[in-house]
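All remarks here apply to the structure that follows.
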Amino acid sequence: MAAVPRANVPRMSRIGHAEVARVAALARLALSEAEIDGMAHDLEQILAHVASLDALDTRDVPPTLHGFDLPTPLRPDRPAPPLDPELAVANAPARQGTAFLVPKVLEEEG
Amino acid sequence: MRDWRERYELVIGIEVHTHLKTASKLFSPAPVRYGEEPNHAVHEIDLALPGVLPVLNEQAVELAIRLGLAIHATVNPVSIFARKNYFYPDLPKGYQISQYEDPIVSKGWLDVDVAVPGGAKGEKAVRRRIGITRAHLEEDAGKSIHDDAIAGGADSAIDLNRAGVPLLEIVSEPDLRTPEEASAYLRTLRGILRAVDVSDADMEKGQLRCDANVSIRRKGETTFGTRTEIKNLNSFTHVEDAILAEALRQIELVEDGKAVVQATMGYDPERKRTHVQRLKENADDYRYFPDPDLIELRIDPARIEAVRASLPELPDQMRARFEAALGLSAYEAGVLTTSRSLAEFFESTASACGSPKSAANWIIRDVLRVLKERDLEIEQTALTPAMLAGLIRLVDGGRTTARSAAEIFAILVTEGGDPERLMVERGLEAVSDTGAIDGFADQVIAAHPDVVAQIRGGDDKPLNFLMGQVMKRSQGKAEPGSVRQTLIRKIRG
Amino acid sequence: MSQAEKVLSGSLRTLREALDRKELTASELVEASLARMDRGKDLAAVVTRNDEKALRAAEEASRRIAAGKPRSVLDGIPVVLKHNIVEQGELATCSSRILENFVSPYDATVVERLRAAGAVFVGRANMDEFAMGSSTESSIYGPAHNPWDPTRSCGGSSGGSAAAVAAGFAPIALGSDTGGSIRQPASFCGVVGFKPSYGRISRWGLIAFASSLDQIGPFARTVSDCAAAFELMAGHDARDSTSLPEPAPKVCERLDGEVAGMTIGLPKEYFVEQGVSPGVLARVREAIAVLDKAGAKIVPVSLPHTTHTIATYYLVATAEASSNLARYDGVRYGRRAKDPVDLEDLYRRSRSEGFGAEVKRRILLGTYVLSAGYYDAYYGKAQRVRTLIRRDFELAFAQCDVILTPTAPETAFRLGEKSGDPLAMYLSDVYTVSANLAGLPALSLPCGLSDGLPVGLQLLGKPFDEASILRVGDAFERATPHHRLVPPGAAS
Ligand SMILES: [Mg+2]
Ligand SMILES: [Zn+2]
């Protein structure tokens, strides 16, 4: 596939075992040691391909954040009837009444 | 440690989260309701069901603009909603939609009057200008309910009624230097939020929540010390007490040669102590990025001008006017403008009685005392500006005594009424002619020997009857205190 | 095969005529659709159904049609939905264990609009888990098979939808396209697949993969069928902040078979011999010749940042996905791990057990590129290169009305062929991702066979100019017989 450079970029370690473990913790994914190694290998390969972007000078290029250039629409402040509470918790894996249940939450988050 | 204020200076910044007064949520049409059963005020969007999308509430934008203008800030023509990513059970999407690099409001300030001892009335105000870094729109999270009744205390219940309620986060510069300044800043800000009708800002209902960033430094130093953040302070007293407690904790550390560590602190109001909740070094990596579900928010300059034109007079404008045009002291003007209803009550009273100074005195001395004692808002009493003005005219015109006026005032507060008629009915009109009172007393004593004997025998109950007889004869003009004294003097000798 | 089943293989127009002339009822048509799905079960194209509900809807449609009051061209027509488009009361699993029991309490906008038009939802299609893939192999339902050759992939991620139309289960299926997920399976299965401009069809009720790239679109056997379904679904929706505030464009009336006077650009970067299989290139060149002969002007154009599209796409898409998939935490819906010891354990095990390997890989990549210290180098960089890619198209479209390319570099690959090599799988999206990055409308339509497998031709249009690509596609179809080719066994 000549249109796209394959990953023959030298294998510098962009992402190793420790990095993958750090990111997995952030993403709340429990991975085995073997899974972490496998993911590190795959991500390394993908990031090596992605390194082709380094060649582009984008200092004066604004980022594209959206599909088109319009301001965000505004919704009139009119409340709609709330969702039927039974429906709201119908898919809950654990509930008490109309509340969701989780193992005890210890600390408040800001 | 007692002289710490001479050796150390506090550097305090305040972050306020305030609920905006909207009927529906920031990004969903669910109604904003307090005190409902769990998940009875939610929309698919608040539950973060798969496939839902946010749409911004116009009124929340309007209110953010109002607050921005009220704090002399820049309302930015373009602002961006970003996702703040972290996992928490009361955060249904796994991210909070907030504003990060480009907030809707930036660079404002407000003037804060801090009461200090001294001055003719025992109090005076020092005015300080406090910078406001930014104010941004974001959504509130739900609530985790911890209760031993829930699964034997092993579980927490999650209620998302509050999830998505619009918040404005208002971040001050680290310009505050004392706990008192911090709470005065908060009071002033709350006054503004209410004055421009942006928020009810009721701390008890959790509509106004405060975090304080605190560091200490030796007097004269210009660099900042390591700061800690005290989370979730929910009353003015807690704000002052917690900052003081945290400052003392830091000073003690420093004096012991230990270092202050960057941390999130909790405050225990029972023990008046702060404690480390979480060290900042294992802080989350929030991975902020612009929310691709929302395009940038653009605000037309014409819209900003329209909002500006519609703003009511702001507390600081009013304060300046009270000082300059009505001749009030800075302290009086400051006190009277802490809430719109109080200021309006003052203005009506002043114009009806013609004496702003007297009106200010009466309100600060008597009205506020009653409100504080009975924990009432001015609207909850029977007293109206017309009544108070009537009473002030009676006093200032010398038609009743201060003491009688206090009695009339007490009636006006609880029952209301026409002060003049009350004065007449209750015989509270000032009578300076003591000779006349003497004469009436003699007549009454002569007419009721049996009653006089009863009083001489030690029973004071019929005294009121005799007083009423004197009042009747004086046609209600006698000052009741002197009538009573005259009668007792004449009967008991 | 019943008469109704035979009719079912025809175009929307022939079905409509048969219904309106009362040659068959909507109920018979829907029964035929269900029967065909029964027989084609092994394809694993349509994986969940609610026959009773479908038959009830068909009865109502039959009554309307009998009364001479069909609601639209789709009244009584069987339609297949992808498993990431929600319908009230129905499963929407995204082919993921984490959503295996999720029943939606609400409707997607497209579902609401198609139901209002009288369409009958006959089943929900297999897909790559959370639309992350190009082969419909990563699915709790197992891989979907290509009706042309069951040992081959039907493409992905909307492979089940493409296969359903190719196999004659329904004349219309909905898919979603984030990097080619409608067009590539359309190409592999020999059907028409249409990704409208970003913002044209509401995303309300589409379970998000990458919010700035996702777009719903139809599969059909002809371009005009796609256009008809598109008109009924498109148009402003106040529930989607990224929805263009304009009504649906009237594209059907512009399908006049004419291409004379239109200019078609061929991007030189897409026609590199080594990059595309010879069979694909041959069919595409023949198609160009057909359009040339029909009076279109063919011009070379350049899209110089083409080599950077895959890298840009995977950074943007995974970053957004890592955040979009944070809501699957086992708290309010979806899979929860058994007996969690604490909250962290609940999160980590629910997510690890619930997501498949490819989804985890992309969540990790996306989390990494957004994390502290890497944002500017990866996500920020990609968003800037995205601007360069958009500008490429703006310049190219200054010289032409429509851009023509192959849809995919090859025909349907064998199941399992690429599943061990994620990068190879990503690179097969090379011709399709740029339309998503630039928000362009794009169409894939059959242009013949190579070694007995369908080849797809891709047409790209200016933003919101769906009409031009549909017009060129329709004209091409009128001039060629390729759209009438059906997989062996699905013949009418
Ligand atoms: Mg904050
Ligand atoms: Zn905040």
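Starting from 1 in every chain, residues are counted up; chains themselves are A, B, ... following the order of the structure tokens, and ligands are numbered from 1 as listed.
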
Select, as a PyMOL selection string, those residues of chain A with any atom no more than 7 Å from chain C (distances computed using only C-alpha atoms). chain A and resi 1-4+23-24+27-30+39+43+46+49-50+53+58+61-67+72-73+87+89+91-93+100+102-105

Export of the given selection (N, CA and C atoms) as a compact mmCIF listing (two decimals), in the first residue's frame:
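Written file, part07.txt:
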```
# COMPACT_ATOMS: atom_id res chain seq x y z
N MET A 1 0.84 -1.19 0.00
CA MET A 1 0.00 0.00 0.00
C MET A 1 0.88 1.25 0.00
N ALA A 2 1.22 1.69 -1.18
CA ALA A 2 2.21 2.76 -1.24
C ALA A 2 1.65 4.11 -0.82
N ALA A 3 0.34 4.24 -0.91
CA ALA A 3 -0.24 5.55 -0.59
C ALA A 3 -0.04 5.88 0.88
N VAL A 4 0.20 4.85 1.68
CA VAL A 4 0.36 5.08 3.10
C VAL A 4 1.68 4.46 3.53
N VAL A 23 -2.04 4.12 31.58
CA VAL A 23 -3.21 4.50 30.79
C VAL A 23 -4.39 3.57 31.09
N ALA A 24 -4.11 2.29 31.27
CA ALA A 24 -5.18 1.34 31.59
C ALA A 24 -5.84 1.70 32.92
N ALA A 27 -8.14 4.56 32.36
CA ALA A 27 -9.33 4.15 31.61
C ALA A 27 -10.13 3.10 32.36
N ARG A 28 -9.71 2.74 33.58
CA ARG A 28 -10.39 1.73 34.40
C ARG A 28 -10.54 0.42 33.63
N LEU A 29 -9.41 -0.04 33.09
CA LEU A 29 -9.38 -1.35 32.46
C LEU A 29 -8.40 -2.21 33.23
N ALA A 30 -8.84 -3.38 33.65
CA ALA A 30 -7.94 -4.32 34.34
C ALA A 30 -7.34 -5.23 33.27
N MET A 39 -0.76 -5.15 24.17
CA MET A 39 -1.26 -3.81 23.86
C MET A 39 -0.08 -2.86 23.61
N LEU A 43 0.20 -0.74 20.27
CA LEU A 43 0.18 0.73 20.34
C LEU A 43 1.49 1.30 19.83
N ILE A 46 1.25 1.35 16.12
CA ILE A 46 0.33 2.39 15.63
C ILE A 46 0.97 3.77 15.81
N HIS A 49 3.45 4.58 13.21
CA HIS A 49 2.81 5.05 11.98
C HIS A 49 2.37 6.52 12.13
N VAL A 50 1.81 6.82 13.28
CA VAL A 50 1.31 8.18 13.54
C VAL A 50 2.43 9.21 13.52
N LEU A 53 3.07 12.24 11.13
CA LEU A 53 2.51 13.60 11.25
C LEU A 53 3.56 14.61 11.70
N THR A 58 2.54 22.49 11.48
CA THR A 58 1.14 22.92 11.69
C THR A 58 1.05 24.11 12.63
N VAL A 61 -1.64 26.47 11.69
CA VAL A 61 -2.89 25.84 11.25
C VAL A 61 -3.84 25.72 12.44
N PRO A 62 -5.04 26.28 12.33
CA PRO A 62 -5.99 26.13 13.44
C PRO A 62 -6.54 24.70 13.48
N PRO A 63 -6.91 24.23 14.66
CA PRO A 63 -7.47 22.87 14.73
C PRO A 63 -8.90 22.82 14.21
N THR A 64 -9.28 21.69 13.64
CA THR A 64 -10.67 21.45 13.27
C THR A 64 -11.32 20.69 14.41
N LEU A 65 -12.30 21.31 15.02
CA LEU A 65 -12.95 20.63 16.14
C LEU A 65 -14.28 20.03 15.73
N HIS A 66 -14.86 20.54 14.66
CA HIS A 66 -16.21 20.11 14.30
C HIS A 66 -16.37 19.98 12.80
N GLY A 67 -17.49 19.37 12.44
CA GLY A 67 -17.74 19.13 11.04
C GLY A 67 -18.04 20.37 10.23
N THR A 72 -22.89 27.02 18.31
CA THR A 72 -23.73 25.99 18.92
C THR A 72 -25.15 26.52 19.06
N PRO A 73 -26.15 25.69 18.78
CA PRO A 73 -27.52 26.15 18.93
C PRO A 73 -27.89 26.25 20.42
N LEU A 87 -38.54 3.59 34.30
CA LEU A 87 -37.81 3.41 33.04
C LEU A 87 -36.35 3.84 33.22
N VAL A 89 -34.45 3.51 35.73
CA VAL A 89 -33.61 2.52 36.41
C VAL A 89 -33.85 1.09 35.89
N ASN A 91 -32.73 -0.54 33.41
CA ASN A 91 -31.55 -1.30 32.98
C ASN A 91 -30.50 -1.43 34.08
N ALA A 92 -30.81 -0.94 35.28
CA ALA A 92 -29.79 -0.90 36.33
C ALA A 92 -29.38 -2.30 36.78
N PRO A 93 -28.09 -2.56 36.86
CA PRO A 93 -27.64 -3.86 37.37
C PRO A 93 -27.97 -4.04 38.85
N PHE A 100 -29.79 4.03 41.95
CA PHE A 100 -28.81 3.03 41.53
C PHE A 100 -27.95 2.68 42.75
N VAL A 102 -24.25 1.21 44.19
CA VAL A 102 -22.84 0.89 43.91
C VAL A 102 -22.17 0.54 45.24
N PRO A 103 -21.05 -0.19 45.18
CA PRO A 103 -20.31 -0.41 46.43
C PRO A 103 -19.98 0.93 47.05
N LYS A 104 -19.97 0.99 48.35
CA LYS A 104 -19.87 2.24 49.09
C LYS A 104 -18.84 3.22 48.52
N VAL A 105 -19.32 4.44 48.34
CA VAL A 105 -18.47 5.51 47.83
C VAL A 105 -17.80 6.16 49.03
```

Residues of chain B within 8 Å of chain C, counting only C-alpha atoms, what are they? List them as a VMD selection string. chain B and resid 44 47 to 48 50 to 55 85 87 89 92 to 95 285 to 289 292 to 295

Given 10 Å and only C-alpha atoms and all ligand atoms, residues near ligand 2 as a ChimeraX atom specification: /A:110 /B:15-18,84,96-100,135-141,167-171,209,211

Preceding selection exported with N, CA and C atoms as a PDB file, in the first residue's frame:
```pdb
ATOM      1  N   GLY A 110     -14.518  16.509  43.517  1.00  0.00           N
ATOM      2  CA  GLY A 110     -14.891  17.891  43.191  1.00  0.00           C
ATOM      3  C   GLY A 110     -15.349  17.986  41.787  1.00  0.00           C
TER       4      GLY A 110
ATOM      5  N   GLU B  15     -13.094  29.583  45.214  1.00  0.00           N
ATOM      6  CA  GLU B  15     -13.825  29.039  44.061  1.00  0.00           C
ATOM      7  C   GLU B  15     -15.261  28.798  44.507  1.00  0.00           C
ATOM      8  N   VAL B  16     -16.174  29.391  43.765  1.00  0.00           N
ATOM      9  CA  VAL B  16     -17.573  29.241  44.117  1.00  0.00           C
ATOM     10  C   VAL B  16     -18.293  28.486  43.007  1.00  0.00           C
ATOM     11  N   HIS B  17     -19.108  27.536  43.372  1.00  0.00           N
ATOM     12  CA  HIS B  17     -20.018  26.888  42.422  1.00  0.00           C
ATOM     13  C   HIS B  17     -21.420  27.324  42.786  1.00  0.00           C
ATOM     14  N   THR B  18     -22.109  27.948  41.843  1.00  0.00           N
ATOM     15  CA  THR B  18     -23.458  28.416  42.154  1.00  0.00           C
ATOM     16  C   THR B  18     -24.460  27.890  41.135  1.00  0.00           C
ATOM     17  N   LYS B  84     -14.198  17.081  30.906  1.00  0.00           N
ATOM     18  CA  LYS B  84     -13.271  16.788  31.989  1.00  0.00           C
ATOM     19  C   LYS B  84     -13.515  15.323  32.366  1.00  0.00           C
ATOM     20  N   GLN B  96     -17.373  15.380  32.827  1.00  0.00           N
ATOM     21  CA  GLN B  96     -18.219  16.533  33.115  1.00  0.00           C
ATOM     22  C   GLN B  96     -18.046  17.505  31.958  1.00  0.00           C
ATOM     23  N   ILE B  97     -19.140  18.026  31.432  1.00  0.00           N
ATOM     24  CA  ILE B  97     -18.998  19.075  30.420  1.00  0.00           C
ATOM     25  C   ILE B  97     -18.783  20.386  31.169  1.00  0.00           C
ATOM     26  N   SER B  98     -17.637  20.997  30.900  1.00  0.00           N
ATOM     27  CA  SER B  98     -17.247  22.209  31.604  1.00  0.00           C
ATOM     28  C   SER B  98     -16.577  23.124  30.579  1.00  0.00           C
ATOM     29  N   GLN B  99     -16.012  24.208  31.054  1.00  0.00           N
ATOM     30  CA  GLN B  99     -15.227  25.055  30.155  1.00  0.00           C
ATOM     31  C   GLN B  99     -13.823  25.109  30.722  1.00  0.00           C
ATOM     32  N   TYR B 100     -12.857  25.008  29.859  1.00  0.00           N
ATOM     33  CA  TYR B 100     -11.480  24.862  30.316  1.00  0.00           C
ATOM     34  C   TYR B 100     -10.647  26.041  29.843  1.00  0.00           C
ATOM     35  N   ALA B 135     -15.197  33.000  35.173  1.00  0.00           N
ATOM     36  CA  ALA B 135     -16.424  32.315  35.559  1.00  0.00           C
ATOM     37  C   ALA B 135     -16.802  31.453  34.375  1.00  0.00           C
ATOM     38  N   HIS B 136     -17.073  30.198  34.628  1.00  0.00           N
ATOM     39  CA  HIS B 136     -17.426  29.326  33.505  1.00  0.00           C
ATOM     40  C   HIS B 136     -18.645  28.463  33.798  1.00  0.00           C
ATOM     41  N   LEU B 137     -19.297  28.067  32.716  1.00  0.00           N
ATOM     42  CA  LEU B 137     -20.492  27.229  32.797  1.00  0.00           C
ATOM     43  C   LEU B 137     -20.086  25.765  32.870  1.00  0.00           C
ATOM     44  N   GLU B 138     -20.753  25.020  33.715  1.00  0.00           N
ATOM     45  CA  GLU B 138     -20.534  23.580  33.756  1.00  0.00           C
ATOM     46  C   GLU B 138     -21.751  22.920  34.364  1.00  0.00           C
ATOM     47  N   GLU B 139     -21.785  21.581  34.251  1.00  0.00           N
ATOM     48  CA  GLU B 139     -22.939  20.856  34.781  1.00  0.00           C
ATOM     49  C   GLU B 139     -22.600  20.280  36.145  1.00  0.00           C
ATOM     50  N   ASP B 140     -23.618  20.227  37.002  1.00  0.00           N
ATOM     51  CA  ASP B 140     -23.425  19.631  38.318  1.00  0.00           C
ATOM     52  C   ASP B 140     -23.450  18.108  38.190  1.00  0.00           C
ATOM     53  N   ALA B 141     -22.918  17.445  39.193  1.00  0.00           N
ATOM     54  CA  ALA B 141     -22.972  15.979  39.245  1.00  0.00           C
ATOM     55  C   ALA B 141     -24.195  15.562  40.055  1.00  0.00           C
ATOM     56  N   LEU B 167     -24.351  25.085  36.526  1.00  0.00           N
ATOM     57  CA  LEU B 167     -23.508  25.733  37.523  1.00  0.00           C
ATOM     58  C   LEU B 167     -22.689  26.806  36.845  1.00  0.00           C
ATOM     59  N   LEU B 168     -22.403  27.849  37.624  1.00  0.00           N
ATOM     60  CA  LEU B 168     -21.392  28.800  37.214  1.00  0.00           C
ATOM     61  C   LEU B 168     -20.280  28.645  38.238  1.00  0.00           C
ATOM     62  N   GLU B 169     -19.078  28.361  37.759  1.00  0.00           N
ATOM     63  CA  GLU B 169     -17.944  28.280  38.677  1.00  0.00           C
ATOM     64  C   GLU B 169     -17.208  29.611  38.596  1.00  0.00           C
ATOM     65  N   ILE B 170     -17.104  30.292  39.738  1.00  0.00           N
ATOM     66  CA  ILE B 170     -16.518  31.629  39.786  1.00  0.00           C
ATOM     67  C   ILE B 170     -15.231  31.544  40.592  1.00  0.00           C
ATOM     68  N   VAL B 171     -14.118  31.862  39.955  1.00  0.00           N
ATOM     69  CA  VAL B 171     -12.808  31.657  40.567  1.00  0.00           C
ATOM     70  C   VAL B 171     -12.158  33.010  40.846  1.00  0.00           C
ATOM     71  N   ARG B 209     -21.747  26.670  46.675  1.00  0.00           N
ATOM     72  CA  ARG B 209     -20.755  25.843  47.358  1.00  0.00           C
ATOM     73  C   ARG B 209     -19.393  26.505  47.191  1.00  0.00           C
ATOM     74  N   ASP B 211     -15.117  26.422  47.700  1.00  0.00           N
ATOM     75  CA  ASP B 211     -13.820  25.806  47.988  1.00  0.00           C
ATOM     76  C   ASP B 211     -12.847  26.956  48.228  1.00  0.00           C
TER      77      ASP B 211
END
```

CA of Gly397 in chain B to CA of Ile437 in chain B, straight-line distance in Å: 21.6 Å

Please compute the CA of Arg319 in chain B-CA of Gly334 in chain B distance, one decimal, in Å. 6.1 Å

Set the cut-off to 7 Å and count only C-alpha atoms: what are the residues of chain B that reach chain A? Output as number ranges by chain. B: 22-24, 29-31, 38-44, 55-59, 154-159, 292, 294-298

Secondary structure check, strand (DSSP E) residues of chain A, as a ChimeraX atom specification: /A:74-75,95-96,99-103

Can you work out the spacing between CA of Ala144 in chain C and CA of Ala412 in chain C in Å, to one decimal? 12.3 Å

If we count only C-alpha atoms and set the cut-off at 8 Å, which residues sit around Arg162 in chain B, ignoring sequence neighbours fewer than 5 positions away in its own chain? Please answer as a PDB file with all heavy atoms, in the first residue's frame.
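Written out: part-v7.pdb:
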```
ATOM      1  N   VAL B  32     -35.369  21.300  36.768  1.00  0.00           N
ATOM      2  CA  VAL B  32     -34.514  21.445  37.950  1.00  0.00           C
ATOM      3  C   VAL B  32     -35.443  21.443  39.156  1.00  0.00           C
ATOM      4  O   VAL B  32     -36.266  22.337  39.313  1.00  0.00           O
ATOM      5  CB  VAL B  32     -33.713  22.757  37.892  1.00  0.00           C
ATOM      6  CG1 VAL B  32     -32.957  22.968  39.209  1.00  0.00           C
ATOM      7  CG2 VAL B  32     -32.751  22.749  36.716  1.00  0.00           C
ATOM      8  N   ARG B  33     -35.335  20.381  39.974  1.00  0.00           N
ATOM      9  CA  ARG B  33     -36.204  20.285  41.148  1.00  0.00           C
ATOM     10  C   ARG B  33     -35.389  19.805  42.326  1.00  0.00           C
ATOM     11  O   ARG B  33     -34.521  18.960  42.168  1.00  0.00           O
ATOM     12  CB  ARG B  33     -37.326  19.275  40.901  1.00  0.00           C
ATOM     13  CG  ARG B  33     -38.394  19.773  39.951  1.00  0.00           C
ATOM     14  CD  ARG B  33     -39.483  18.711  39.849  1.00  0.00           C
ATOM     15  NE  ARG B  33     -40.352  18.984  38.714  1.00  0.00           N
ATOM     16  CZ  ARG B  33     -41.065  18.054  38.097  1.00  0.00           C
ATOM     17  NH1 ARG B  33     -41.002  16.799  38.516  1.00  0.00           N
ATOM     18  NH2 ARG B  33     -41.830  18.362  37.083  1.00  0.00           N
ATOM     19  N   TYR B  34     -35.719  20.340  43.501  1.00  0.00           N
ATOM     20  CA  TYR B  34     -35.021  19.946  44.710  1.00  0.00           C
ATOM     21  C   TYR B  34     -35.942  19.089  45.562  1.00  0.00           C
ATOM     22  O   TYR B  34     -37.151  19.285  45.568  1.00  0.00           O
ATOM     23  CB  TYR B  34     -34.565  21.182  45.497  1.00  0.00           C
ATOM     24  CG  TYR B  34     -33.561  22.020  44.725  1.00  0.00           C
ATOM     25  CD1 TYR B  34     -33.978  23.003  43.839  1.00  0.00           C
ATOM     26  CD2 TYR B  34     -32.191  21.788  44.861  1.00  0.00           C
ATOM     27  CE1 TYR B  34     -33.060  23.746  43.112  1.00  0.00           C
ATOM     28  CE2 TYR B  34     -31.267  22.520  44.138  1.00  0.00           C
ATOM     29  CZ  TYR B  34     -31.712  23.499  43.269  1.00  0.00           C
ATOM     30  OH  TYR B  34     -30.800  24.231  42.541  1.00  0.00           O
ATOM     31  N   ASP B 140     -23.618  20.227  37.002  1.00  0.00           N
ATOM     32  CA  ASP B 140     -23.425  19.631  38.318  1.00  0.00           C
ATOM     33  C   ASP B 140     -23.450  18.108  38.190  1.00  0.00           C
ATOM     34  O   ASP B 140     -23.924  17.567  37.190  1.00  0.00           O
ATOM     35  CB  ASP B 140     -24.530  20.106  39.279  1.00  0.00           C
ATOM     36  CG  ASP B 140     -24.090  20.037  40.745  1.00  0.00           C
ATOM     37  OD1 ASP B 140     -23.043  19.431  41.032  1.00  0.00           O
ATOM     38  OD2 ASP B 140     -24.804  20.591  41.603  1.00  0.00           O
ATOM     39  N   ALA B 141     -22.918  17.445  39.193  1.00  0.00           N
ATOM     40  CA  ALA B 141     -22.972  15.979  39.245  1.00  0.00           C
ATOM     41  C   ALA B 141     -24.195  15.562  40.055  1.00  0.00           C
ATOM     42  O   ALA B 141     -24.878  16.400  40.638  1.00  0.00           O
ATOM     43  CB  ALA B 141     -21.703  15.442  39.883  1.00  0.00           C
ATOM     44  N   GLY B 142     -24.455  14.266  40.093  1.00  0.00           N
ATOM     45  CA  GLY B 142     -25.538  13.753  40.918  1.00  0.00           C
ATOM     46  C   GLY B 142     -25.095  13.655  42.369  1.00  0.00           C
ATOM     47  O   GLY B 142     -24.122  14.286  42.775  1.00  0.00           O
ATOM     48  N   LYS B 143     -25.813  12.855  43.139  1.00  0.00           N
ATOM     49  CA  LYS B 143     -25.473  12.714  44.562  1.00  0.00           C
ATOM     50  C   LYS B 143     -25.258  11.245  44.893  1.00  0.00           C
ATOM     51  O   LYS B 143     -26.010  10.390  44.448  1.00  0.00           O
ATOM     52  CB  LYS B 143     -26.633  13.216  45.426  1.00  0.00           C
ATOM     53  CG  LYS B 143     -26.630  14.715  45.628  1.00  0.00           C
ATOM     54  CD  LYS B 143     -27.774  15.113  46.539  1.00  0.00           C
ATOM     55  CE  LYS B 143     -27.795  16.622  46.733  1.00  0.00           C
ATOM     56  NZ  LYS B 143     -29.066  17.085  47.265  1.00  0.00           N
TER      57      LYS B 143
END
```

Spatial neighbours of range 402-408 of chain C, max dist 10 Å, only C-alpha atoms, sep filter under 4 positions, as a PyMOL selection string: chain C and resi 155+180+183-188+262-271+276-277+280-281+283-285+287-288+298-301+393+396-397+412+428-432+442-447+455-462+465-466+468-469+472

Mind checking which residues fall within 7 Å of Ala40 in chain A, counting only C-alpha atoms, ignoring those fewer than 2 positions away in the same chain, and posting them as a ChimeraX atom specification? /A:15-17,20,36-38,42-44

Selected residues written out, N, CA and C atoms, as a JSON list (two decimals), in the first residue's frame:
```json
[["chain", "number", "residue", "atom", "x", "y", "z"],
["A", 15, "ILE", "N", 5.83, 3.84, 23.72],
["A", 15, "ILE", "CA", 4.92, 3.44, 24.78],
["A", 15, "ILE", "C", 5.31, 2.04, 25.24],
["A", 16, "GLY", "N", 5.66, 1.93, 26.48],
["A", 16, "GLY", "CA", 6.10, 0.63, 27.01],
["A", 16, "GLY", "C", 5.09, 0.09, 28.01],
["A", 17, "HIS", "N", 5.49, -0.94, 28.68],
["A", 17, "HIS", "CA", 4.65, -1.62, 29.65],
["A", 17, "HIS", "C", 4.09, -0.66, 30.71],
["A", 20, "VAL", "N", 1.45, 1.78, 29.34],
["A", 20, "VAL", "CA", 0.17, 1.11, 29.08],
["A", 20, "VAL", "C", -0.55, 0.85, 30.41],
["A", 36, "ILE", "N", -1.12, -6.44, 28.76],
["A", 36, "ILE", "CA", -0.42, -5.15, 28.72],
["A", 36, "ILE", "C", 0.71, -5.22, 27.70],
["A", 37, "ASP", "N", 1.47, -6.31, 27.70],
["A", 37, "ASP", "CA", 2.56, -6.44, 26.73],
["A", 37, "ASP", "C", 2.03, -6.45, 25.30],
["A", 38, "GLY", "N", 0.95, -7.19, 25.08],
["A", 38, "GLY", "CA", 0.38, -7.24, 23.74],
["A", 38, "GLY", "C", -0.09, -5.86, 23.29],
["A", 42, "ASP", "N", 1.10, -3.42, 20.13],
["A", 42, "ASP", "CA", 0.19, -2.86, 19.12],
["A", 42, "ASP", "C", 0.24, -1.34, 19.10],
["A", 43, "LEU", "N", 0.20, -0.74, 20.27],
["A", 43, "LEU", "CA", 0.18, 0.73, 20.34],
["A", 43, "LEU", "C", 1.49, 1.30, 19.83],
["A", 44, "GLU", "N", 2.56, 0.62, 20.13],
["A", 44, "GLU", "CA", 3.88, 1.04, 19.65],
["A", 44, "GLU", "C", 3.87, 1.12, 18.12]]
```
